[in-house]
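Below: the structure, in structure tokens.
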Amino acid sequence: MRHVLTAAAAALLLATVAACDFVRFPGDGGPPPEAPAETPPGAPGPPPPDVPDDGLGTPIETPPEETPADPGTVTPPEGTPGTDPVDAPTDSTTPPPVEVPVEAPVTEPPVTETPVSQPVTPAPGTPVVDPVEAKFRFYAPGVLLAGSGGGFPEQIVHAPDIVFPIKSAPTVLQSQVFTFGGGVAGGDQCDPRNYEAAWRDNFCETRSANRTTPFCPVAKIHQGQDIRVGTAADCKALRKQTPDARGLHEVVAVEDGIISSIGTYTVKLRGDGRIYNYMHLNMKRLAVTAGQSVKAGDLIGYVSNDFGGTATTIHLHFEIVQNTADHGWVHVPPYLSLVASYERRENGPGEEVEAEIGVASTQDVFVIPEGYEIIE
């Protein structure tokens, strides 16, 4: 609503101006009034205000204080004509107040500490993967039974892609001389402890025949790896059969190649740069003939204990003869190649166990009896 000044009001206003130094009106464009000085604690209060009057002793009411500016606007600089929101003149020459947006203060989000052991919940539909169970236990290469010889620990996987020579039956790699039922340890070869033991290397094991290889520290050694096959119950069942009838556990070709020769108790498979010797099969039930080509996994024969009339346990003796750059054709340790191929066959890892000193008999050190012949 527009306000109109009457003549009397105008005269009264002029008299008021003359009676005092200066009267401020909101929005008059003049300099802002000085803010009162801050009073220190304990100081006397300010003097009474000098209220202007109309010259006759009648005080003139001071207009109410201005409402603080909206936080979203900025007060124009000095000298800019002001405009009251209600009494703003309509003269086009007076620019309207300019509203400048003020940036809101930046508020940092609250910091929430996450517990150190915060459990992670898998997303819906994520398959739950159980820890992989070890399929078998094995000692490191070169860790022979105490008193059975000096092993060769610096081994590598000489035949990294071979198929495990036993098709499907469970197996335990271990000595057949220094464990239960062996010629030195004594006892029963079908003892269940033989089938529950961890795998153990027996390349370089002591023998009486003067066989050697640059991969063993001494001469007169075992040039392959003995493999016990099946279970204690299988052992007892095979022992009841005649040697010619045994055909429980299948022995297969470890790689593509040719059956280069067949001896009294040995079958040789020549592969790519290697020769594999299989010993103690049932020689009456062989599935191959000399000169025959085979593929990896093809049946060769069955586990038995044929040894040309010499007594031995029911097992497979397996050798790798390799053409090496430094030594030519020599026997190399087959242990790690068999570990790797068994893991592939079982589709699961083996668990390496800590080396320990253990023997199958009460003797602290094995002693090969005088006259006892160990030539395999």
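Residues in the structure tokens are named by chain (A, B, ... in the order shown) and by number from 1 within that chain; ligands are numbered from 1 in the order shown.
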
Considering only C-alpha atoms, give me a table of residues in stretch 145-183 of chain A that are at most 10 Å from stretch 303-314 of chain A, with the closest atom pair and distance in Å for each, as CSV.
```
residue,atom,partner,partner_atom,distance
A:Ile166,CA,A:Val303,CA,8.8
A:Gln176,CA,A:Thr313,CA,6.6
A:Val177,CA,A:Thr312,CA,8.5
A:Gly181,CA,A:Thr313,CA,7.3
A:Gly182,CA,A:Thr313,CA,7.1
A:Gly183,CA,A:Thr312,CA,8.0
```

Same residues, C-alpha atoms, output as a PDB file, in the first residue's frame:
```
ATOM      1  CA  ILE A 166      47.648 -96.322 -12.167  1.00  0.00           C
ATOM      2  CA  GLN A 176      58.742-101.858  -0.573  1.00  0.00           C
ATOM      3  CA  VAL A 177      61.910-102.956   1.232  1.00  0.00           C
ATOM      4  CA  GLY A 181      56.301-106.713   4.611  1.00  0.00           C
ATOM      5  CA  GLY A 182      59.595-105.639   3.034  1.00  0.00           C
ATOM      6  CA  GLY A 183      62.706-107.819   3.089  1.00  0.00           C
TER       7      GLY A 183
END
```

Residues near stretch 335-342 of chain A, anyone? I mean within 9 Å using only C-alpha atoms, not counting same-chain ones fewer than 6 positions away, as an MDAnalysis selection string. chainID A and resid 138 140:142 155:165 173 199:203 224:225 348:350

Secondary structure check, alpha helix (DSSP H) residues of stretch 123-337 of chain A, as a PDB file with N, CA and C atoms, in the first residue's frame:
```pdb
ATOM      1  N   PRO A 192      47.535-102.481   7.277  1.00  0.00           N
ATOM      2  CA  PRO A 192      46.806-101.244   6.929  1.00  0.00           C
ATOM      3  C   PRO A 192      47.648 -99.981   7.053  1.00  0.00           C
ATOM      4  N   ARG A 193      48.670-100.003   7.901  1.00  0.00           N
ATOM      5  CA  ARG A 193      49.509 -98.809   8.057  1.00  0.00           C
ATOM      6  C   ARG A 193      50.270 -98.468   6.781  1.00  0.00           C
ATOM      7  N   ASN A 194      50.540 -99.470   5.971  1.00  0.00           N
ATOM      8  CA  ASN A 194      51.186 -99.186   4.682  1.00  0.00           C
ATOM      9  C   ASN A 194      50.301 -98.318   3.785  1.00  0.00           C
ATOM     10  N   TYR A 195      49.006 -98.457   3.902  1.00  0.00           N
ATOM     11  CA  TYR A 195      48.065 -97.770   3.006  1.00  0.00           C
ATOM     12  C   TYR A 195      47.561 -96.453   3.590  1.00  0.00           C
ATOM     13  N   GLU A 196      47.934 -96.189   4.851  1.00  0.00           N
ATOM     14  CA  GLU A 196      47.514 -94.943   5.494  1.00  0.00           C
ATOM     15  C   GLU A 196      48.639 -93.924   5.582  1.00  0.00           C
ATOM     16  N   ALA A 232      44.361-102.232   1.911  1.00  0.00           N
ATOM     17  CA  ALA A 232      44.807-103.441   2.615  1.00  0.00           C
ATOM     18  C   ALA A 232      43.931-104.633   2.238  1.00  0.00           C
ATOM     19  N   ALA A 233      42.625-104.395   2.062  1.00  0.00           N
ATOM     20  CA  ALA A 233      41.717-105.487   1.655  1.00  0.00           C
ATOM     21  C   ALA A 233      42.053-105.972   0.245  1.00  0.00           C
ATOM     22  N   ASP A 234      42.393-105.043  -0.658  1.00  0.00           N
ATOM     23  CA  ASP A 234      42.789-105.442  -2.018  1.00  0.00           C
ATOM     24  C   ASP A 234      44.043-106.310  -1.977  1.00  0.00           C
ATOM     25  N   CYS A 235      44.985-105.927  -1.117  1.00  0.00           N
ATOM     26  CA  CYS A 235      46.233-106.682  -0.997  1.00  0.00           C
ATOM     27  C   CYS A 235      45.958-108.135  -0.585  1.00  0.00           C
ATOM     28  N   LYS A 236      45.090-108.297   0.375  1.00  0.00           N
ATOM     29  CA  LYS A 236      44.774-109.653   0.841  1.00  0.00           C
ATOM     30  C   LYS A 236      44.053-110.457  -0.240  1.00  0.00           C
ATOM     31  N   ALA A 237      43.178-109.790  -0.999  1.00  0.00           N
ATOM     32  CA  ALA A 237      42.464-110.488  -2.077  1.00  0.00           C
ATOM     33  C   ALA A 237      43.424-110.933  -3.174  1.00  0.00           C
ATOM     34  N   LEU A 238      44.368-110.056  -3.553  1.00  0.00           N
ATOM     35  CA  LEU A 238      45.331-110.408  -4.603  1.00  0.00           C
ATOM     36  C   LEU A 238      46.272-111.516  -4.145  1.00  0.00           C
ATOM     37  N   ARG A 239      46.614-111.499  -2.893  1.00  0.00           N
ATOM     38  CA  ARG A 239      47.530-112.503  -2.370  1.00  0.00           C
ATOM     39  C   ARG A 239      46.912-113.899  -2.414  1.00  0.00           C
ATOM     40  N   LYS A 240      45.605-113.965  -2.338  1.00  0.00           N
ATOM     41  CA  LYS A 240      44.924-115.264  -2.390  1.00  0.00           C
ATOM     42  C   LYS A 240      44.828-115.815  -3.802  1.00  0.00           C
ATOM     43  N   TYR A 335      59.682 -88.852  -8.650  1.00  0.00           N
ATOM     44  CA  TYR A 335      58.771 -88.579  -7.531  1.00  0.00           C
ATOM     45  C   TYR A 335      57.861 -87.373  -7.787  1.00  0.00           C
ATOM     46  N   LEU A 336      58.414 -86.223  -8.100  1.00  0.00           N
ATOM     47  CA  LEU A 336      57.582 -85.026  -8.285  1.00  0.00           C
ATOM     48  C   LEU A 336      56.702 -85.113  -9.524  1.00  0.00           C
ATOM     49  N   SER A 337      57.160 -85.831 -10.547  1.00  0.00           N
ATOM     50  CA  SER A 337      56.311 -86.030 -11.733  1.00  0.00           C
ATOM     51  C   SER A 337      55.082 -86.856 -11.373  1.00  0.00           C
TER      52      SER A 337
END
```

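One distance worth recording is that between atom CA of A:Thr266 and atom CA of A:His280, which is 6.8 Å.
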
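For the pair atom CA of A:Ala253 and atom CA of A:Phe318, the interatomic distance is 11.5 Å.
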
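Rounded to one decimal, atom CA of A:Thr231 and atom CA of A:Ser175 lie 16.0 Å from each other.
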
Which of stretch 173-362 of chain A fall in strand (DSSP E or B), as a PyMOL selection string: chain A and resi 173+199+205-206+221+225-229+250-252+257-262+266-270+274-279+281+293-294+299-304+315-324+328-332+350-352

As a ChimeraX atom specification, please: the residues near A:Arg285 (cut-off 12 Å, only C-alpha atoms, same-chain neighbours under 2 positions excluded). /A:243-251,265,280-283,287-289,299-304,306

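For the residues A:Glu319, A:Ala355, A:Leu286, A:Thr242, ranking by smallest atom-to-atom distance to A:Gly263 using only C-alpha atoms places A:Leu286 first.
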